[in-house]
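Here's start12.cif, which has mmCIF, C-alpha atoms and all ligand atoms:
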```cif
data_query
#
loop_
_atom_site.group_PDB
_atom_site.id
_atom_site.type_symbol
_atom_site.label_atom_id
_atom_site.label_comp_id
_atom_site.auth_asym_id
_atom_site.auth_seq_id
_atom_site.Cartn_x
_atom_site.Cartn_y
_atom_site.Cartn_z
ATOM 1 C CA MET M 25 0.000 0.000 0.000
ATOM 2 C CA LEU M 26 1.367 3.406 -0.947
ATOM 3 C CA ILE M 27 1.795 5.827 1.957
ATOM 4 C CA LEU M 28 2.046 9.616 1.608
ATOM 5 C CA GLY M 29 4.631 11.620 3.532
ATOM 6 C CA GLN M 30 7.037 14.533 3.371
ATOM 7 C CA ILE M 31 10.816 14.293 3.111
ATOM 8 C CA ILE M 32 12.301 16.010 6.157
ATOM 9 C CA LYS M 33 15.936 15.057 5.598
ATOM 10 C CA ILE M 34 18.119 13.404 3.003
ATOM 11 C CA HIS M 35 21.360 11.950 4.213
ATOM 12 C CA SER M 36 23.803 9.422 2.752
ATOM 13 C CA GLY M 37 21.288 8.122 0.242
ATOM 14 C CA LYS M 38 18.609 7.729 2.892
ATOM 15 C CA TYR M 39 15.323 9.588 2.693
ATOM 16 C CA PHE M 40 13.571 10.389 5.952
ATOM 17 C CA VAL M 41 9.852 10.559 5.312
ATOM 18 C CA LYS M 42 7.455 11.973 7.850
ATOM 19 C CA THR M 43 3.947 10.592 7.769
ATOM 20 C CA GLU M 44 1.096 11.622 10.031
ATOM 21 C CA SER M 45 2.332 9.351 12.774
ATOM 22 C CA GLU M 46 6.039 8.634 12.348
ATOM 23 C CA ILE M 47 9.303 9.154 10.515
ATOM 24 C CA ILE M 48 10.363 6.350 8.222
ATOM 25 C CA GLU M 49 13.816 5.877 6.753
ATOM 26 C CA CYS M 50 13.474 4.995 3.078
ATOM 27 C CA SER M 51 15.584 4.329 0.060
ATOM 28 C CA ALA M 52 14.509 5.381 -3.418
ATOM 29 C CA LYS M 53 13.821 3.837 -6.748
ATOM 30 C CA GLY M 54 16.985 4.089 -8.856
ATOM 31 C CA ALA M 55 15.620 6.417 -11.514
ATOM 32 C CA LEU M 56 14.444 8.919 -8.919
ATOM 33 C CA LYS M 57 17.870 9.074 -7.321
ATOM 34 C CA ILE M 58 19.737 9.730 -10.527
ATOM 35 C CA LYS M 59 17.560 12.474 -11.971
ATOM 36 C CA SER M 60 18.809 15.934 -11.065
ATOM 37 C CA ASP M 61 15.256 16.925 -10.264
ATOM 38 C CA GLY M 62 14.828 13.758 -8.248
ATOM 39 C CA ILE M 63 13.920 14.069 -4.577
ATOM 40 C CA PHE M 64 14.396 17.027 -2.275
ATOM 41 C CA THR M 65 13.778 17.887 1.313
ATOM 42 C CA GLY M 66 10.228 19.214 1.498
ATOM 43 C CA ASP M 67 8.960 16.940 -1.263
ATOM 44 C CA PHE M 68 5.732 15.085 -0.748
ATOM 45 C CA VAL M 69 6.303 11.487 -1.788
ATOM 46 C CA GLU M 70 4.592 8.154 -1.913
ATOM 47 C CA PHE M 71 6.453 5.151 -0.558
ATOM 48 C CA GLU M 72 5.905 1.455 -0.074
ATOM 49 C CA ASN M 73 7.939 -1.068 1.934
ATOM 50 C CA GLY M 74 10.610 1.530 2.689
ATOM 51 C CA VAL M 75 11.078 2.597 -0.918
ATOM 52 C CA VAL M 76 10.074 5.999 -2.312
ATOM 53 C CA LYS M 77 8.083 5.359 -5.464
ATOM 54 C CA SER M 78 7.004 8.785 -6.659
ATOM 55 C CA VAL M 79 7.281 12.502 -6.001
ATOM 56 C CA LYS M 80 4.214 14.757 -6.005
ATOM 57 C CA THR M 81 4.249 17.879 -8.136
ATOM 58 C CA ARG M 82 6.018 20.594 -6.150
ATOM 59 C CA LYS M 83 4.776 24.145 -5.831
ATOM 60 C CA ASN M 84 8.282 25.602 -5.771
ATOM 61 C CA ARG M 85 11.882 24.661 -5.243
ATOM 62 C CA LEU M 86 14.771 26.642 -3.865
ATOM 63 C CA ILE M 87 18.361 25.818 -4.761
ATOM 64 C CA ARG M 88 20.092 27.259 -1.721
ATOM 65 C CA PRO M 89 19.179 25.717 0.618
ATOM 66 C CA SER M 90 17.966 22.818 -1.479
ATOM 67 C CA VAL M 91 14.344 22.504 -0.476
ATOM 68 C CA ALA M 92 10.933 22.135 -2.098
ATOM 69 C CA ASN M 93 7.418 23.313 -1.225
ATOM 70 C CA VAL M 94 8.491 26.295 0.857
ATOM 71 C CA ASP M 95 5.524 28.250 2.242
ATOM 72 C CA CYS M 96 7.487 31.270 3.384
ATOM 73 C CA MET M 97 10.994 32.641 3.094
ATOM 74 C CA VAL M 98 11.812 34.814 6.072
ATOM 75 C CA ILE M 99 14.488 37.313 5.152
ATOM 76 C CA VAL M 100 16.158 38.540 8.316
ATOM 77 C CA VAL M 101 17.983 41.829 8.746
ATOM 78 C CA ALA M 102 19.485 43.523 11.812
ATOM 79 C CA ASN M 103 22.181 45.899 12.901
ATOM 80 C CA PRO M 104 24.819 44.729 13.662
ATOM 81 C CA PRO M 105 25.950 43.539 11.145
ATOM 82 C CA GLU M 106 25.734 46.640 8.942
ATOM 83 C CA PRO M 107 22.808 45.815 6.597
ATOM 84 C CA ASP M 108 23.791 44.920 3.060
ATOM 85 C CA LEU M 109 20.723 46.054 1.135
ATOM 86 C CA TYR M 110 22.153 44.799 -2.160
ATOM 87 C CA LEU M 111 22.126 41.320 -0.696
ATOM 88 C CA PHE M 112 18.688 41.980 0.711
ATOM 89 C CA ASP M 113 17.327 43.021 -2.691
ATOM 90 C CA LYS M 114 18.816 39.925 -4.277
ATOM 91 C CA LEU M 115 17.208 37.696 -1.682
ATOM 92 C CA ILE M 116 13.833 39.253 -2.398
ATOM 93 C CA SER M 117 14.357 38.821 -6.140
ATOM 94 C CA THR M 118 15.342 35.204 -5.611
ATOM 95 C CA ALA M 119 12.208 34.490 -3.587
ATOM 96 C CA HIS M 120 10.114 36.175 -6.263
ATOM 97 C CA ILE M 121 11.775 34.281 -9.108
ATOM 98 C CA TYR M 122 11.380 30.921 -7.361
ATOM 99 C CA ASP M 123 7.767 31.740 -6.582
ATOM 100 C CA ILE M 124 8.213 31.605 -2.829
ATOM 101 C CA PRO M 125 6.154 33.925 -0.625
ATOM 102 C CA PHE M 126 8.476 35.964 1.569
ATOM 103 C CA SER M 127 8.362 38.162 4.647
ATOM 104 C CA ILE M 128 10.885 40.441 6.269
ATOM 105 C CA VAL M 129 11.957 40.193 9.882
ATOM 106 C CA VAL M 130 13.905 43.055 11.419
ATOM 107 C CA ASN M 131 15.676 41.562 14.426
ATOM 108 C CA LYS M 132 17.558 43.123 17.370
ATOM 109 C CA VAL M 133 15.033 45.929 17.920
ATOM 110 C CA ASP M 134 16.122 45.874 21.562
ATOM 111 C CA PHE M 135 19.410 47.300 20.391
ATOM 112 C CA ASP M 136 18.696 49.387 17.298
ATOM 113 C CA LEU M 137 15.593 51.008 15.845
ATOM 114 C CA LYS M 138 17.176 52.938 12.984
ATOM 115 C CA THR M 139 17.329 49.844 10.790
ATOM 116 C CA ALA M 140 13.603 49.265 11.277
ATOM 117 C CA ASN M 141 12.854 52.643 9.690
ATOM 118 C CA ILE M 142 15.252 52.143 6.792
ATOM 119 C CA ILE M 143 13.741 48.753 6.021
ATOM 120 C CA LYS M 144 10.196 50.101 6.256
ATOM 121 C CA GLU M 145 11.011 52.920 3.849
ATOM 122 C CA ASN M 146 12.757 50.667 1.341
ATOM 123 C CA TYR M 147 10.456 47.667 1.327
ATOM 124 C CA LYS M 148 6.955 48.628 2.409
ATOM 125 C CA ASP M 149 5.737 48.407 -1.195
ATOM 126 C CA ALA M 150 7.665 45.228 -1.964
ATOM 127 C CA VAL M 151 6.406 43.000 0.813
ATOM 128 C CA GLU M 152 3.165 42.464 2.655
ATOM 129 C CA ASN M 153 4.562 41.607 6.061
ATOM 130 C CA ILE M 154 7.435 43.169 7.966
ATOM 131 C CA PHE M 155 7.911 41.966 11.531
ATOM 132 C CA PHE M 156 9.963 43.774 14.150
ATOM 133 C CA VAL M 157 11.379 41.452 16.759
ATOM 134 C CA SER M 158 14.077 40.827 19.298
ATOM 135 C CA ALA M 159 15.260 37.269 19.697
ATOM 136 C CA LYS M 160 16.937 38.485 22.863
ATOM 137 C CA THR M 161 13.864 39.840 24.697
ATOM 138 C CA GLY M 162 11.141 37.962 22.838
ATOM 139 C CA GLU M 163 9.470 41.173 21.642
ATOM 140 C CA GLY M 164 7.279 40.632 18.573
ATOM 141 C CA PHE M 165 7.398 36.848 18.722
ATOM 142 C CA GLU M 166 3.755 36.206 19.376
ATOM 143 C CA GLU M 167 2.797 37.826 16.114
ATOM 144 C CA LEU M 168 5.631 36.203 14.180
ATOM 145 C CA SER M 169 4.948 32.778 15.589
ATOM 146 C CA ASN M 170 1.223 33.028 14.785
ATOM 147 C CA PHE M 171 2.047 34.054 11.247
ATOM 148 C CA LEU M 172 4.435 31.132 10.706
ATOM 149 C CA LYS M 173 2.170 28.487 12.170
ATOM 150 C CA GLY M 174 1.396 25.709 9.710
ATOM 151 C CA LYS M 175 4.055 26.846 7.273
ATOM 152 C CA LEU M 176 7.318 25.384 6.023
ATOM 153 C CA VAL M 177 9.713 28.260 6.615
ATOM 154 C CA VAL M 178 13.189 28.969 5.276
ATOM 155 C CA PHE M 179 15.321 31.578 7.003
ATOM 156 C CA SER M 180 17.783 33.601 4.996
ATOM 157 C CA GLY M 181 19.930 36.669 5.456
ATOM 158 C CA GLN M 182 23.417 37.831 6.254
ATOM 159 C CA SER M 183 25.535 36.021 8.763
ATOM 160 C CA ALA M 184 24.984 37.103 12.382
ATOM 161 C CA VAL M 185 21.597 38.800 11.886
ATOM 162 C CA GLY M 186 20.165 36.273 14.332
ATOM 163 C CA LYS M 187 18.522 33.555 12.231
ATOM 164 C CA THR M 188 19.475 30.757 14.591
ATOM 165 C CA SER M 189 18.528 32.865 17.609
ATOM 166 C CA ILE M 190 15.089 33.489 16.093
ATOM 167 C CA VAL M 191 14.551 29.795 15.412
ATOM 168 C CA ASN M 192 15.634 28.958 18.956
ATOM 169 C CA ARG M 193 13.263 31.558 20.363
ATOM 170 C CA LEU M 194 10.403 30.232 18.203
ATOM 171 C CA PHE M 195 11.130 26.737 19.435
ATOM 172 C CA GLY M 196 11.573 27.682 23.066
ATOM 173 C CA GLU M 197 14.622 26.111 24.586
ATOM 174 C CA SER M 198 14.082 22.810 22.846
ATOM 175 C CA LYS M 199 17.073 21.161 21.264
ATOM 176 C CA ARG M 200 17.105 21.286 17.536
ATOM 177 C CA THR M 201 19.437 20.256 14.781
ATOM 178 C CA GLY M 202 19.837 22.656 11.955
ATOM 179 C CA GLU M 203 21.672 22.380 8.722
ATOM 180 C CA VAL M 204 24.378 19.778 8.640
ATOM 181 C CA SER M 205 27.379 20.206 6.395
ATOM 182 C CA VAL M 206 28.712 17.054 4.888
ATOM 183 C CA LYS M 207 32.044 16.784 3.139
ATOM 184 C CA THR M 208 32.178 14.687 0.005
ATOM 185 C CA GLN M 209 34.795 11.999 -0.025
ATOM 186 C CA LYS M 210 36.992 14.001 -2.344
ATOM 187 C CA GLY M 211 37.140 16.563 0.420
ATOM 188 C CA LYS M 212 36.553 19.386 -2.012
ATOM 189 C CA GLN M 213 32.930 20.276 -2.288
ATOM 190 C CA THR M 214 30.764 20.820 0.686
ATOM 191 C CA THR M 215 27.259 19.570 0.266
ATOM 192 C CA THR M 216 24.670 20.896 2.587
ATOM 193 C CA VAL M 217 21.907 18.799 3.945
ATOM 194 C CA SER M 218 18.729 20.666 4.713
ATOM 195 C CA GLU M 219 16.703 19.304 7.550
ATOM 196 C CA ILE M 220 13.212 20.276 8.559
ATOM 197 C CA THR M 221 12.663 20.719 12.268
ATOM 198 C CA GLU M 222 9.148 20.992 13.576
ATOM 199 C CA ARG M 223 7.536 22.303 16.688
ATOM 200 C CA ASP M 224 4.067 23.597 17.441
ATOM 201 C CA GLY M 225 3.140 23.358 13.799
ATOM 202 C CA ILE M 226 6.009 25.527 12.563
ATOM 203 C CA ARG M 227 8.373 23.696 10.282
ATOM 204 C CA VAL M 228 11.717 25.389 9.872
ATOM 205 C CA ILE M 229 14.879 25.132 7.859
ATOM 206 C CA ASP M 230 17.671 27.257 9.265
ATOM 207 C CA THR M 231 20.474 28.126 6.887
ATOM 208 C CA PRO M 232 23.974 29.447 7.345
ATOM 209 C CA GLY M 233 24.311 33.106 6.343
ATOM 210 C CA PHE M 234 25.609 33.963 2.944
ATOM 211 C CA THR M 235 26.858 36.906 0.931
ATOM 212 C CA ALA M 236 25.567 38.493 -2.260
ATOM 213 C CA MET M 237 28.306 36.632 -4.126
ATOM 214 C CA ASP M 238 26.483 33.374 -3.565
ATOM 215 C CA ILE M 239 23.364 34.452 -5.391
ATOM 216 C CA ASP M 240 22.985 33.854 -9.086
ATOM 217 C CA ILE M 241 20.163 35.629 -10.910
ATOM 218 C CA GLU M 242 19.449 35.437 -14.648
ATOM 219 C CA GLU M 243 19.460 38.707 -16.525
ATOM 220 C CA ASP M 244 16.161 38.172 -18.343
ATOM 221 C CA VAL M 245 14.094 37.408 -15.252
ATOM 222 C CA PHE M 246 15.644 39.982 -12.930
ATOM 223 C CA PRO M 247 13.626 42.990 -14.266
ATOM 224 C CA TRP M 248 10.428 41.145 -13.325
ATOM 225 C CA SER M 249 11.504 40.257 -9.805
ATOM 226 C CA TYR M 250 10.524 43.550 -8.125
ATOM 227 C CA PRO M 251 7.001 43.256 -6.718
ATOM 228 C CA GLU M 252 6.531 47.031 -6.540
ATOM 229 C CA PHE M 253 7.464 47.472 -10.222
ATOM 230 C CA SER M 254 4.695 45.203 -11.432
ATOM 231 C CA LYS M 255 2.047 47.910 -11.090
ATOM 232 C CA TYR M 256 3.885 49.870 -13.798
ATOM 233 C CA SER M 257 5.915 47.394 -15.870
ATOM 234 C CA GLY M 258 2.882 46.118 -17.772
ATOM 235 C CA GLU M 259 2.589 49.548 -19.376
ATOM 236 C CA CYS M 260 6.212 49.824 -20.554
ATOM 237 C CA LYS M 261 6.514 50.353 -24.302
ATOM 238 C CA PHE M 262 8.736 47.302 -24.808
ATOM 239 C CA ALA M 263 7.608 43.918 -23.574
ATOM 240 C CA ASP M 264 11.207 43.067 -22.647
ATOM 241 C CA CYS M 265 11.894 46.460 -21.040
ATOM 242 C CA ARG M 266 14.747 46.404 -18.497
ATOM 243 C CA HIS M 267 13.434 49.593 -16.862
ATOM 244 C CA LEU M 268 16.701 51.458 -17.294
ATOM 245 C CA LYS M 269 16.834 54.095 -20.024
ATOM 246 C CA GLU M 270 14.301 52.696 -22.483
ATOM 247 C CA PRO M 271 11.802 55.150 -23.958
ATOM 248 C CA ASP M 272 8.369 55.126 -22.352
ATOM 249 C CA CYS M 273 9.436 52.982 -19.449
ATOM 250 C CA MET M 274 6.674 53.339 -16.898
ATOM 251 C CA VAL M 275 8.793 51.944 -14.081
ATOM 252 C CA ARG M 276 11.416 54.633 -14.553
ATOM 253 C CA LYS M 277 8.664 57.214 -14.837
ATOM 254 C CA ALA M 278 7.194 55.995 -11.550
ATOM 255 C CA TYR M 279 10.626 56.304 -9.971
ATOM 256 C CA GLU M 280 11.016 59.840 -11.330
ATOM 257 C CA ASN M 281 7.618 60.730 -9.909
ATOM 258 C CA GLY M 282 8.606 59.423 -6.485
ATOM 259 C CA LEU M 283 6.235 56.452 -6.650
ATOM 260 C CA ILE M 284 9.027 53.898 -6.243
ATOM 261 C CA ASN M 285 11.569 54.093 -3.431
ATOM 262 C CA LYS M 286 14.606 55.899 -4.849
ATOM 263 C CA ASP M 287 17.295 53.830 -3.140
ATOM 264 C CA ARG M 288 15.662 50.584 -4.125
ATOM 265 C CA TYR M 289 15.481 51.662 -7.794
ATOM 266 C CA LYS M 290 19.083 52.895 -7.783
ATOM 267 C CA ARG M 291 20.274 49.605 -6.365
ATOM 268 C CA TYR M 292 18.159 47.834 -8.987
ATOM 269 C CA CYS M 293 20.136 49.613 -11.739
ATOM 270 C CA GLU M 294 23.433 48.674 -10.061
ATOM 271 C CA ILE M 295 22.469 45.042 -9.596
ATOM 272 C CA TYR M 296 21.239 44.832 -13.184
ATOM 273 C CA LYS M 297 24.590 46.146 -14.422
ATOM 274 C CA GLU M 298 26.425 43.650 -12.262
ATOM 275 C CA ILE M 299 24.350 40.708 -13.546
ATOM 276 C CA LYS M 300 24.911 41.830 -17.126
ATOM 277 C CA GLU M 301 28.670 42.122 -16.583
ATOM 278 C CA LYS M 302 28.781 38.696 -15.071
ATOM 279 C CA ASP M 303 26.859 37.217 -18.019
ATOM 280 C CA ARG M 304 29.332 38.779 -20.413
ATOM 281 C CA TYR M 305 32.253 37.427 -18.437
ATOM 282 C CA ASP M 306 30.734 33.938 -18.234
ATOM 283 C CA LYS M 307 30.090 33.865 -21.980
ATOM 284 C CA LYS M 308 33.697 34.813 -22.754
ATOM 285 C CA ARG M 309 35.051 31.890 -20.779
HETATM 286 N N1 LIG M 401 20.968 42.430 21.035
HETATM 287 C C1 LIG M 401 20.535 41.372 20.343
HETATM 288 N N2 LIG M 401 21.423 40.439 19.913
HETATM 289 C C2 LIG M 401 20.957 39.390 19.215
HETATM 290 C C3 LIG M 401 19.582 39.242 18.908
HETATM 291 N N3 LIG M 401 19.437 38.116 18.181
HETATM 292 C C4 LIG M 401 20.656 37.578 18.027
HETATM 293 N N4 LIG M 401 21.597 38.337 18.653
HETATM 294 C C5 LIG M 401 23.040 38.070 18.700
HETATM 295 O O1 LIG M 401 23.557 38.141 17.365
HETATM 296 C C6 LIG M 401 24.607 37.181 17.172
HETATM 297 C C7 LIG M 401 24.352 36.327 15.946
HETATM 298 O O2 LIG M 401 23.211 35.515 16.149
HETATM 299 P P1 LIG M 401 22.955 34.147 15.351
HETATM 300 O O3 LIG M 401 21.607 33.689 15.747
HETATM 301 O O4 LIG M 401 24.070 33.201 15.527
HETATM 302 O O5 LIG M 401 22.970 34.682 13.846
HETATM 303 P P2 LIG M 401 22.794 33.842 12.494
HETATM 304 O O6 LIG M 401 22.022 34.706 11.557
HETATM 305 O O7 LIG M 401 22.231 32.512 12.772
HETATM 306 O O8 LIG M 401 24.285 33.732 11.972
HETATM 307 P P3 LIG M 401 24.877 32.645 10.904
HETATM 308 O O9 LIG M 401 24.469 31.282 11.377
HETATM 309 O O10 LIG M 401 26.335 32.892 10.931
HETATM 310 O O11 LIG M 401 24.297 33.001 9.577
HETATM 311 C C8 LIG M 401 24.692 36.384 18.469
HETATM 312 O O12 LIG M 401 25.741 36.918 19.244
HETATM 313 C C9 LIG M 401 23.355 36.647 19.143
HETATM 314 O O13 LIG M 401 23.440 36.565 20.539
HETATM 315 C C10 LIG M 401 18.675 40.259 19.387
HETATM 316 O O14 LIG M 401 17.452 40.232 19.164
HETATM 317 N N5 LIG M 401 19.215 41.286 20.088
HETATM 318 MG MG MG M 402 22.930 30.529 12.276
HETATM 319 ZN ZN ZN M 403 10.266 49.561 -18.208
#
```
What does the file become when written as structure tokens?
Amino acid sequence: MLILGQIIKIHSGKYFVKTESEIIECSAKGALKIKSDGIFTGDFVEFENGVVKSVKTRKNRLIRPSVANVDCMVIVVANPPEPDLYLFDKLISTAHIYDIPFSIVVNKVDFDLKTANIIKENYKDAVENIFFVSAKTGEGFEELSNFLKGKLVVFSGQSAVGKTSIVNRLFGESKRTGEVSVKTQKGKQTTTVSEITERDGIRVIDTPGFTAMDIDIEEDVFPWSYPEFSKYSGECKFADCRHLKEPDCMVRKAYENGLINKDRYKRYCEIYKEIKEKDRYDKKR
């Protein structure tokens, strides 16, 4: 009899499938293992006698961390460390491109409130929910925790913004295992194993912090990855408008009329240039 469950961890060729009542260690049918779009943490699968037989259609899939069916990406920011808004913009674009709903959490409000205002100004039109919390004092956690209930959540953001602290606060003092890094036998590459931890209906994947360098965005999709541009971009003269200096670009016009946050648009132009440069460089090689 086929049983339905969700993959909560993949490790050393073993698939840990959570059903309504238990976690079962499974192997997989050969073909599923080989395919590059085979099985990922977060996948809903059907298994029988300890063997995964099929993967259900996924609603989205993130590459870093490698996880499917994410309900919410929580992008965390705080000061310290000095916020890198370029990285922040890229994270938002990534979520948008991978079709993952996202929210912003400003952490460390016990220490600094200036960042909260900057983030509000920059992103209030790009995101529905911005939470202001302190993992240290617990401020703002009731609201955040209610919002995340029932969701599979991925945390992202710069190193040291407090992602792990937030997860620990959400989970009380309970012990939890986060992301495990596994060295391949060659000792070169580091593969990361994403593991879902669950408590009180919140399912979480914590991730190590990363820098803007780690994020790869395609040039042709980037111009469509700004939620607050979408109100205007449909009216641009060219269907493939990059919203830079094209004639009759309604996004640029909106920016000029103060309808789009100036700093966010300026960074957009910079990031676009950078992506384009990188494409050129990659093609030359
Ligand atoms: N004042 C204050 N400090 C905090 C708060 N949350 C976290 N910190 C501190 O910030 C530092 C970094 O916290 P982590 O939770 O390790 O940050 P992280 O985002 O998981 O970092 P990486 O795993 O390296 O990506 C630690 O020293 C925490 O004690 C907060 O709300 N207020
Ligand atoms: Mg951490
Ligand atoms: Zn345009």
Worksheet item: Selected by the PyMOL selection byres (((not hetatm)) within 6 of (chain M and resi 403)) in the shown coordinates: which residues, as a ChimeraX atom specification?
Response: /M:257,260,265-267,273-275
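For ligand LIG 401 (chain M), the set of protein, DNA and RNA residues within 7 Å, based on all atoms listed in the file, reads Asn131, Lys132, Val133, Asp134, Phe135, Val157, Ser158, Ala159, Lys160, Thr161, Gly181, Gln182, Ser183, Ala184, Val185, Gly186, Lys187, Thr188, Ser189, Ile190, Thr231, Pro232, Gly233 and Phe234 of chain M.
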Item to complete: Would you kindly return, as a PyMOL selection string, each protein, DNA or RNA residue with an atom no farther than 10 Å from any atom of Glu243 of chain M, considering all atoms listed in the file and excluding same-chain residues fewer than 5 positions away?
Response: chain M and resi 248+266+295-303
Practice prompt. Tell me which residues the PyMOL selection byres (((chain M and resi 103) around 8) and not hetatm) grabs here, as JSON, numbers by chain.
Written response: {"M": [101, 102, 104, 105, 106, 107, 131, 132, 136, 139, 185]}
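Between ligand MG 402 (chain M) and the candidates M:Val191, M:Val76, M:Ile58, M:Val245, the tightest atom-to-atom separation, counting all atoms listed in the file, involves M:Val191.
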Discussion item. Can you spell out as a PyMOL selection string the set of residues that the PyMOL selection byres (((chain M and resi 28) around 10) and not hetatm) selects in the structure I just provided?
Written reply: chain M and resi 25-27+29-30+41-44+68-72+76+78-80
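The closest residue to ligand MG 402 (chain M), picked from M:Cys293, M:Val100, M:Ala278, M:Ile34 and counting only C-alpha atoms and all ligand atoms, is M:Val100.
We find atom CA of Val91 of chain M and atom CA of Glu49 of chain M to be spaced 18.1 Å apart.
Among the candidates M:Ile284, M:Leu111, M:Ile229, M:Val177, the one nearest to ligand MG 402 (chain M) when counting all atoms listed in the file is M:Ile229.
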Worksheet item: So what do you get for atom CA of Gly74 of chain M versus atom CA of Tyr39 of chain M, distance-wise?
Response: 9.3 Å
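Taking atom CA of Leu168 of chain M as the reference point, atom CA of Glu46 of chain M is found at 27.6 Å.
Among M:Gly164, M:Arg85, M:Val178, M:Asp230, the residue with the shortest atom-to-atom distance to ligand MG 402 (chain M), counting only C-alpha atoms and all ligand atoms, is M:Asp230.
Residue neighbourhood of Leu109 of chain M, excluding near-sequence residues (fewer than 2 positions): Pro107, Leu111, Phe112, Asp113, Lys114, Ile143, Arg288 and Arg291 of chain M, at 9 Å, using only C-alpha atoms.
The nearest approach to ligand MG 402 (chain M) among the residues M:Ser180, M:Arg304, M:Lys277, M:Gly258, with all atoms listed in the file taken into account, belongs to M:Ser180.
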